[in-house]
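Data file: model_26.cif. Format and content: mmCIF, C-alpha atoms and all ligand atoms.
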data_input
loop_
_atom_site.group_PDB
_atom_site.id
_atom_site.type_symbol
_atom_site.label_atom_id
_atom_site.label_comp_id
_atom_site.auth_asym_id
_atom_site.auth_seq_id
_atom_site.Cartn_x
_atom_site.Cartn_y
_atom_site.Cartn_z
ATOM 1 C CA MET A 1 225.744 231.283 -40.378
ATOM 2 C CA THR A 2 228.971 230.211 -38.755
ATOM 3 C CA GLY A 3 231.127 232.895 -40.341
ATOM 4 C CA ASN A 4 232.653 232.470 -43.793
ATOM 5 C CA LYS A 5 234.594 229.315 -43.018
ATOM 6 C CA GLY A 6 233.845 226.515 -45.472
ATOM 7 C CA LYS A 7 233.003 223.017 -44.315
ATOM 8 C CA PHE A 8 234.087 219.627 -45.594
ATOM 9 C CA ILE A 9 231.144 217.350 -46.441
ATOM 10 C CA THR A 10 231.558 213.777 -47.690
ATOM 11 C CA PHE A 11 229.174 211.192 -49.162
ATOM 12 C CA GLU A 12 229.496 207.477 -48.618
ATOM 13 C CA GLY A 13 227.596 204.260 -49.205
ATOM 14 C CA ILE A 14 227.782 200.963 -51.042
ATOM 15 C CA ASP A 15 227.734 201.026 -54.847
ATOM 16 C CA GLY A 16 224.220 201.681 -56.108
ATOM 17 C CA ALA A 17 223.015 203.468 -52.952
ATOM 18 C CA GLY A 18 222.331 206.572 -55.052
ATOM 19 C CA LYS A 19 224.559 209.202 -53.478
ATOM 20 C CA SER A 20 225.282 211.136 -56.722
ATOM 21 C CA THR A 21 221.815 212.714 -56.938
ATOM 22 C CA HIS A 22 222.086 214.013 -53.405
ATOM 23 C CA ILE A 23 225.583 215.368 -53.869
ATOM 24 C CA ALA A 24 224.032 217.666 -56.485
ATOM 25 C CA THR A 25 221.330 218.648 -53.958
ATOM 26 C CA VAL A 26 223.931 219.792 -51.444
ATOM 27 C CA VAL A 27 226.052 221.612 -54.034
ATOM 28 C CA ASP A 28 222.948 223.477 -55.258
ATOM 29 C CA LEU A 29 221.859 224.335 -51.728
ATOM 30 C CA LEU A 30 225.234 225.832 -50.856
ATOM 31 C CA LYS A 31 225.642 227.673 -54.159
ATOM 32 C CA ALA A 32 222.157 229.163 -53.768
ATOM 33 C CA ARG A 33 223.472 230.780 -50.601
ATOM 34 C CA GLY A 34 226.306 232.362 -52.549
ATOM 35 C CA LEU A 35 228.974 230.078 -51.123
ATOM 36 C CA GLU A 36 232.004 228.882 -53.069
ATOM 37 C CA VAL A 37 231.702 225.101 -53.450
ATOM 38 C CA VAL A 38 234.333 222.669 -54.697
ATOM 39 C CA SER A 39 232.692 219.413 -55.746
ATOM 40 C CA THR A 40 235.133 216.553 -56.096
ATOM 41 C CA ARG A 41 235.528 212.781 -55.724
ATOM 42 C CA GLU A 42 237.733 209.919 -54.561
ATOM 43 C CA PRO A 43 239.606 208.137 -55.782
ATOM 44 C CA GLY A 44 240.361 211.016 -58.131
ATOM 45 C CA GLY A 45 239.878 214.760 -57.961
ATOM 46 C CA THR A 46 243.308 215.612 -59.412
ATOM 47 C CA SER A 47 245.034 214.796 -62.668
ATOM 48 C CA LEU A 48 247.203 212.119 -61.027
ATOM 49 C CA GLY A 49 244.302 210.961 -58.857
ATOM 50 C CA GLU A 50 242.077 210.338 -61.876
ATOM 51 C CA LYS A 51 244.827 208.196 -63.431
ATOM 52 C CA LEU A 52 245.083 206.245 -60.177
ATOM 53 C CA ARG A 53 241.274 205.922 -60.180
ATOM 54 C CA GLU A 54 241.390 204.305 -63.605
ATOM 55 C CA LEU A 55 243.909 201.742 -62.314
ATOM 56 C CA LEU A 56 242.070 201.179 -59.037
ATOM 57 C CA LEU A 57 238.737 200.564 -60.724
ATOM 58 C CA HIS A 58 239.953 198.363 -63.551
ATOM 59 C CA GLU A 59 243.414 196.877 -62.952
ATOM 60 C CA PRO A 60 243.819 193.762 -60.792
ATOM 61 C CA MET A 61 246.337 194.386 -57.972
ATOM 62 C CA HIS A 62 247.491 193.164 -54.579
ATOM 63 C CA LEU A 63 245.007 194.099 -51.839
ATOM 64 C CA GLU A 64 247.502 196.191 -49.901
ATOM 65 C CA THR A 65 248.578 197.988 -53.072
ATOM 66 C CA GLU A 66 244.928 198.907 -53.549
ATOM 67 C CA ALA A 67 244.685 200.399 -50.047
ATOM 68 C CA LEU A 68 247.985 202.266 -50.394
ATOM 69 C CA LEU A 69 247.012 203.714 -53.769
ATOM 70 C CA MET A 70 243.720 204.942 -52.261
ATOM 71 C CA PHE A 71 245.715 206.833 -49.643
ATOM 72 C CA ALA A 72 248.307 208.044 -52.174
ATOM 73 C CA ALA A 73 245.548 209.480 -54.366
ATOM 74 C CA ARG A 74 244.033 211.031 -51.224
ATOM 75 C CA ARG A 75 247.307 212.739 -50.248
ATOM 76 C CA GLU A 76 247.497 214.334 -53.707
ATOM 77 C CA HIS A 77 243.834 215.320 -53.511
ATOM 78 C CA LEU A 78 244.268 216.924 -50.109
ATOM 79 C CA ALA A 79 247.409 218.802 -51.137
ATOM 80 C CA LEU A 80 246.129 220.121 -54.451
ATOM 81 C CA VAL A 81 242.384 220.522 -53.943
ATOM 82 C CA ILE A 82 240.876 219.994 -50.491
ATOM 83 C CA GLU A 83 243.346 221.802 -48.228
ATOM 84 C CA PRO A 84 243.707 224.903 -50.449
ATOM 85 C CA ALA A 85 239.903 225.137 -50.843
ATOM 86 C CA LEU A 86 239.259 224.937 -47.103
ATOM 87 C CA ALA A 87 242.125 227.364 -46.451
ATOM 88 C CA ARG A 88 240.489 230.033 -48.622
ATOM 89 C CA GLY A 89 237.105 229.466 -46.961
ATOM 90 C CA ALA A 90 235.465 227.424 -49.735
ATOM 91 C CA TRP A 91 233.185 224.465 -49.045
ATOM 92 C CA VAL A 92 234.296 221.039 -50.192
ATOM 93 C CA VAL A 93 231.737 218.414 -51.168
ATOM 94 C CA CYS A 94 233.444 215.102 -51.804
ATOM 95 C CA ASP A 95 232.080 211.841 -53.205
ATOM 96 C CA ARG A 96 233.808 209.345 -50.837
ATOM 97 C CA PHE A 97 236.825 209.816 -48.544
ATOM 98 C CA SER A 98 238.659 207.712 -45.926
ATOM 99 C CA ASP A 99 235.493 206.072 -44.569
ATOM 100 C CA ALA A 100 235.335 204.297 -47.949
ATOM 101 C CA THR A 101 238.775 202.774 -47.339
ATOM 102 C CA TYR A 102 237.663 201.466 -43.942
ATOM 103 C CA ALA A 103 234.515 200.033 -45.547
ATOM 104 C CA TYR A 104 235.890 198.608 -48.817
ATOM 105 C CA GLN A 105 239.508 197.721 -48.063
ATOM 106 C CA GLY A 106 238.799 197.019 -44.363
ATOM 107 C CA GLY A 107 235.317 195.472 -44.387
ATOM 108 C CA GLY A 108 235.231 194.234 -47.975
ATOM 109 C CA ARG A 109 238.833 193.074 -48.450
ATOM 110 C CA GLY A 110 239.442 192.212 -44.797
ATOM 111 C CA LEU A 111 242.608 194.291 -44.340
ATOM 112 C CA ASP A 112 243.650 195.357 -40.840
ATOM 113 C CA LYS A 113 241.923 198.625 -39.963
ATOM 114 C CA ALA A 114 244.728 199.611 -37.566
ATOM 115 C CA LYS A 115 246.908 200.170 -40.641
ATOM 116 C CA PHE A 116 244.373 202.645 -42.026
ATOM 117 C CA ALA A 117 244.399 204.582 -38.785
ATOM 118 C CA GLU A 118 248.170 205.035 -39.227
ATOM 119 C CA LEU A 119 247.826 206.032 -42.879
ATOM 120 C CA GLU A 120 244.991 208.365 -42.002
ATOM 121 C CA ARG A 121 247.210 210.170 -39.478
ATOM 122 C CA TRP A 122 249.987 210.407 -42.051
ATOM 123 C CA VAL A 123 247.811 211.506 -44.964
ATOM 124 C CA HIS A 124 245.303 213.823 -43.344
ATOM 125 C CA GLY A 125 246.540 214.470 -39.813
ATOM 126 C CA HIS A 126 243.610 215.751 -37.783
ATOM 127 C CA LEU A 127 241.530 216.786 -40.771
ATOM 128 C CA GLN A 128 238.229 214.912 -40.859
ATOM 129 C CA PRO A 129 235.020 215.792 -42.695
ATOM 130 C CA ASP A 130 232.709 218.108 -40.728
ATOM 131 C CA LEU A 131 229.773 216.048 -41.931
ATOM 132 C CA THR A 132 229.464 212.684 -43.669
ATOM 133 C CA PHE A 133 226.310 211.261 -45.223
ATOM 134 C CA LEU A 134 226.154 207.497 -45.269
ATOM 135 C CA PHE A 135 223.528 206.304 -47.756
ATOM 136 C CA ASP A 136 222.484 202.947 -46.433
ATOM 137 C CA LEU A 137 220.764 200.284 -48.487
ATOM 138 C CA PRO A 138 220.724 196.466 -48.435
ATOM 139 C CA PRO A 139 223.194 195.285 -51.127
ATOM 140 C CA ASP A 140 220.574 193.181 -52.939
ATOM 141 C CA VAL A 141 218.474 196.300 -53.568
ATOM 142 C CA ALA A 142 221.566 198.298 -54.610
ATOM 143 C CA CYS A 143 222.612 195.485 -56.937
ATOM 144 C CA GLU A 144 219.210 195.550 -58.701
ATOM 145 C CA ARG A 145 219.547 199.304 -59.185
ATOM 146 C CA ILE A 146 222.979 198.882 -60.784
ATOM 147 C CA ALA A 147 221.730 196.050 -63.001
ATOM 148 C CA ARG A 148 218.903 198.285 -64.260
ATOM 149 C CA GLN A 149 221.476 200.886 -65.352
ATOM 150 C CA GLY A 150 222.879 198.286 -67.761
ATOM 151 C CA ARG A 151 226.447 199.674 -67.790
ATOM 152 C CA ASP A 152 229.877 198.042 -67.526
ATOM 153 C CA LEU A 153 230.842 197.267 -63.941
ATOM 154 C CA ASP A 154 234.130 198.206 -62.271
ATOM 155 C CA ARG A 155 236.229 195.860 -60.087
ATOM 156 C CA PHE A 156 234.311 196.732 -56.922
ATOM 157 C CA GLU A 157 230.859 196.489 -58.470
ATOM 158 C CA GLN A 158 231.800 193.071 -59.863
ATOM 159 C CA GLU A 159 232.474 191.690 -56.374
ATOM 160 C CA ARG A 160 230.150 189.017 -54.980
ATOM 161 C CA ALA A 161 227.220 189.834 -52.697
ATOM 162 C CA ASP A 162 229.072 188.897 -49.478
ATOM 163 C CA PHE A 163 231.727 191.549 -50.240
ATOM 164 C CA HIS A 164 229.016 194.236 -50.410
ATOM 165 C CA TRP A 165 227.374 193.015 -47.206
ATOM 166 C CA ARG A 166 230.732 193.324 -45.424
ATOM 167 C CA VAL A 167 231.256 196.820 -46.871
ATOM 168 C CA ARG A 168 227.822 197.851 -45.636
ATOM 169 C CA GLN A 169 228.479 196.407 -42.183
ATOM 170 C CA ALA A 170 231.833 198.207 -41.914
ATOM 171 C CA TYR A 171 230.184 201.480 -42.920
ATOM 172 C CA LEU A 172 227.502 201.069 -40.244
ATOM 173 C CA GLU A 173 230.150 200.267 -37.611
ATOM 174 C CA ARG A 174 232.086 203.354 -38.618
ATOM 175 C CA ALA A 175 228.909 205.445 -38.345
ATOM 176 C CA ALA A 176 228.231 204.035 -34.880
ATOM 177 C CA SER A 177 231.758 205.004 -33.802
ATOM 178 C CA ALA A 178 231.384 208.616 -35.026
ATOM 179 C CA PRO A 179 227.674 209.508 -34.651
ATOM 180 C CA HIS A 180 228.461 213.230 -34.259
ATOM 181 C CA ARG A 181 229.973 213.269 -37.772
ATOM 182 C CA ILE A 182 228.253 210.526 -39.771
ATOM 183 C CA SER A 183 224.529 210.774 -40.568
ATOM 184 C CA VAL A 184 223.019 207.528 -41.788
ATOM 185 C CA VAL A 185 220.318 208.101 -44.403
ATOM 186 C CA ASN A 186 217.901 205.369 -45.447
ATOM 187 C CA ALA A 187 218.618 205.234 -49.189
ATOM 188 C CA GLY A 188 215.500 203.142 -49.740
ATOM 189 C CA LEU A 189 213.233 206.140 -49.178
ATOM 190 C CA LYS A 190 211.727 208.124 -52.038
ATOM 191 C CA GLN A 191 214.110 210.634 -53.680
ATOM 192 C CA ASP A 192 212.179 213.740 -52.617
ATOM 193 C CA LYS A 193 212.066 212.534 -49.009
ATOM 194 C CA ILE A 194 215.833 211.898 -49.012
ATOM 195 C CA LYS A 195 216.400 215.337 -50.552
ATOM 196 C CA LYS A 196 214.485 216.947 -47.669
ATOM 197 C CA ILE A 197 216.374 214.965 -45.037
ATOM 198 C CA VAL A 198 219.742 215.812 -46.607
ATOM 199 C CA GLU A 199 218.947 219.515 -46.883
ATOM 200 C CA GLU A 200 217.740 219.643 -43.296
ATOM 201 C CA ILE A 201 220.895 217.985 -41.994
ATOM 202 C CA VAL A 202 223.155 220.384 -43.908
ATOM 203 C CA VAL A 203 221.217 223.401 -42.680
ATOM 204 C CA THR A 204 221.168 222.341 -39.035
ATOM 205 C CA HIS A 205 224.659 220.848 -38.924
ATOM 206 C CA CYS A 206 226.643 223.256 -41.105
ATOM 207 C CA LEU A 207 224.891 226.546 -41.857
HETATM 208 P P1 LIG A 301 232.085 205.431 -56.813
HETATM 209 O O1 LIG A 301 231.753 206.562 -55.937
HETATM 210 O O2 LIG A 301 231.196 204.245 -56.711
HETATM 211 O O3 LIG A 301 232.103 205.923 -58.308
HETATM 212 P P2 LIG A 301 230.881 205.861 -59.349
HETATM 213 O O4 LIG A 301 229.628 206.173 -58.559
HETATM 214 O O5 LIG A 301 231.238 206.877 -60.352
HETATM 215 O O6 LIG A 301 230.895 204.446 -59.876
HETATM 216 O O7 LIG A 301 233.614 205.039 -56.416
HETATM 217 C C1 LIG A 301 234.379 204.119 -57.089
HETATM 218 C C2 LIG A 301 234.724 202.891 -56.281
HETATM 219 O O8 LIG A 301 235.894 203.085 -55.491
HETATM 220 C C3 LIG A 301 233.645 202.377 -55.339
HETATM 221 O O9 LIG A 301 233.274 201.087 -55.750
HETATM 222 C C4 LIG A 301 234.320 202.292 -54.001
HETATM 223 C C5 LIG A 301 235.785 202.325 -54.296
HETATM 224 N N1 LIG A 301 236.613 202.926 -53.238
HETATM 225 C C6 LIG A 301 237.324 202.105 -52.384
HETATM 226 O O10 LIG A 301 237.270 200.865 -52.513
HETATM 227 N N2 LIG A 301 238.110 202.661 -51.407
HETATM 228 C C7 LIG A 301 238.217 204.009 -51.231
HETATM 229 O O11 LIG A 301 238.954 204.486 -50.354
HETATM 230 C C8 LIG A 301 237.474 204.859 -52.132
HETATM 231 C C9 LIG A 301 237.587 206.347 -51.998
HETATM 232 C C10 LIG A 301 236.684 204.272 -53.113
#
Take the structure from the file and write it as structure tokens.
Amino acid sequence: MTGNKGKFITFEGIDGAGKSTHIATVVDLLKARGLEVVSTREPGGTSLGEKLRELLLHEPMHLETEALLMFAARREHLALVIEPALARGAWVVCDRFSDATYAYQGGGRGLDKAKFAELERWVHGHLQPDLTFLFDLPPDVACERIARQGRDLDRFEQERADFHWRVRQAYLERAASAPHRISVVNAGLKQDKIKKIVEEIVVTHCL
């Protein structure tokens, strides 16, 4: 154990990569060790953030407005949830964080990534996740998974295939630029195999 200091773990991947199941795996693993875990998500995680999420997922808007609202929701999330949790020694497990903005608004929408670097400095200073899982899957496979769920799609899920390929590519580039932090997991493997890999990474990297 590395003392009682909580870590910040994030989960990323294109829509349909299946990260939700494995978020639960990590939360259970940490709780089983008696650790305080705050499980949260972006966009969202606060009362205001969830309202912004609703707009971001369903309301058409200018591309830069979309990126700015992602960071605005993130500032609120950091101030009200993430920073206080880490300050009291709790662990934070978060479904998406700034890597998603680089992938979706940068890769997918084609916005200038240099702007995100500035916003990132403003919104979270030097705070970065201690560990990020990137669930990687070809978009055509992910798309079939989503179709099988038979639910209504949000604005991002409704995007064409080339958008999702660009998001995936941007995620992989981001992982290559921060290999010490981002672990790429093959989301095409069987669930129990992924579970094992995820648990092993958390144990060796964080506990
Ligand atoms: P998602 O985790 O897919 O929610 P759910 O699994 O419940 O559908 O997140 C919602 C969407 O928000 C997802 O399509 C990616 C998008 N998103 C961005 O475009 N930029 C960001 O910075 C974040 C945090 C999310």
Taking all atoms listed in the file into account, which residues are within 7 Å of ligand LIG 301 (chain A), as JSON, numbers by chain? {"A": [15, 20, 42, 43, 57, 70, 95, 96, 97, 98, 99, 100, 101, 104, 105, 156, 157]}
The PyMOL selection byres (((chain A and resi 89) around 10) and not hetatm) on the file shown: which residues, as a list of chain:residue names?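 Taken over the shown coordinates, the PyMOL selection byres (((chain A and resi 89) around 10) and not hetatm) returns A:Gly3, A:Asn4, A:Lys5, A:Gly6, A:Lys7, A:Leu35, A:Glu36, A:Val37, A:Glu83, A:Pro84, A:Ala85, A:Leu86, A:Ala87, A:Arg88, A:Ala90, A:Trp91, A:Val92.
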Rounded to one decimal in Å, what is the spacing between atom CA of Leu137 of chain A and atom CA of Gly188 of chain A?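 Interatomic distance, atom CA of Leu137 of chain A to atom CA of Gly188 of chain A: 6.1 Å.
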Kindly indicate which residue among A:Arg109, A:Lys19, A:Arg75, A:His62 lies nearest to Glu159 of chain A, using only C-alpha atoms for the distances.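 Of A:Arg109, A:Lys19, A:Arg75, A:His62, the one nearest Glu159 of chain A, counting only C-alpha atoms, is A:Arg109.
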For the PyMOL selection byres (((chain A and resi 144-150) around 12) and not hetatm), applied here, can you spell out every residue it catches as a ChimeraX atom specification? /A:14-18,137-143,151-154,157-158,161,187-188
Generate the output file for the selected residues, C-alpha atoms, as a CSV table (one decimal), in the frame of the given file.
chain,number,residue,atom,x,y,z
A,14,ILE,CA,227.8,201.0,-51.0
A,15,ASP,CA,227.7,201.0,-54.8
A,16,GLY,CA,224.2,201.7,-56.1
A,17,ALA,CA,223.0,203.5,-53.0
A,18,GLY,CA,222.3,206.6,-55.1
A,137,LEU,CA,220.8,200.3,-48.5
A,138,PRO,CA,220.7,196.5,-48.4
A,139,PRO,CA,223.2,195.3,-51.1
A,140,ASP,CA,220.6,193.2,-52.9
A,141,VAL,CA,218.5,196.3,-53.6
A,142,ALA,CA,221.6,198.3,-54.6
A,143,CYS,CA,222.6,195.5,-56.9
A,151,ARG,CA,226.4,199.7,-67.8
A,152,ASP,CA,229.9,198.0,-67.5
A,153,LEU,CA,230.8,197.3,-63.9
A,154,ASP,CA,234.1,198.2,-62.3
A,157,GLU,CA,230.9,196.5,-58.5
A,158,GLN,CA,231.8,193.1,-59.9
A,161,ALA,CA,227.2,189.8,-52.7
A,187,ALA,CA,218.6,205.2,-49.2
A,188,GLY,CA,215.5,203.1,-49.7
In Å, with one decimal, what is the gap from atom CA of Met61 of chain A to atom CA of Ala79 of chain A?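 So the answer is 25.4 Å.
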In Å, with one decimal, what is the gap from atom CA of Ala176 of chain A to atom CA of Ala72 of chain A? 26.8 Å
Go ahead and fit an axis-aligned box to every listed atom of segment 121-131 of chain A plus 6 Å each side, and pass me the centre and edge lengths in Å, one decimal, as JSON.
{"center_x": 239.9, "center_y": 214.1, "center_z": -41.4, "size_x": 32.2, "size_y": 19.9, "size_z": 19.2}
Quick one: everything within 8 Å of Leu48 of chain A, counting all atoms listed in the file, minus sequence neighbours fewer than 3 positions away in the same chain. Send it as an MDAnalysis selection string. chainID A and resid 44 51:52 73 76
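For the file shown, the residue list from the PyMOL selection byres (((chain A and resi 203-207) around 9) and not hetatm) reads Met1, Thr2, Lys7, Asp130, Leu131, Val198, Glu199, Glu200, Ile201 and Val202 of chain A.
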Residues near Gly108 of chain A, anyone? I mean within 10 Å using only C-alpha atoms, not counting same-chain ones fewer than 3 positions away, as a compact mmCIF listing (two decimals) with C-alpha atoms, in the frame of the given file.
# COMPACT_ATOMS: atom_id res chain seq x y z
CA THR A 101 238.78 202.77 -47.34
CA TYR A 102 237.66 201.47 -43.94
CA ALA A 103 234.52 200.03 -45.55
CA TYR A 104 235.89 198.61 -48.82
CA GLN A 105 239.51 197.72 -48.06
CA LEU A 111 242.61 194.29 -44.34
CA PHE A 156 234.31 196.73 -56.92
CA GLU A 159 232.47 191.69 -56.37
CA ASP A 162 229.07 188.90 -49.48
CA PHE A 163 231.73 191.55 -50.24
CA HIS A 164 229.02 194.24 -50.41
CA TRP A 165 227.37 193.02 -47.21
CA ARG A 166 230.73 193.32 -45.42
CA VAL A 167 231.26 196.82 -46.87
CA ARG A 168 227.82 197.85 -45.64
CA GLN A 169 228.48 196.41 -42.18
CA ALA A 170 231.83 198.21 -41.91
Closest to Glu66 of chain A among A:Asn186, A:Phe11, A:Arg155, A:Phe135, using only C-alpha atoms?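 Residue with the minimum atom-to-atom distance to Glu66 of chain A: A:Arg155.
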Using all atoms listed in the file for the distances, tell me which of A:Arg174, A:His58, A:Lys115, A:Arg41 is nearest to Arg74 of chain A.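 Among the listed residues, the smallest separation from Arg74 of chain A belongs to A:Arg41.
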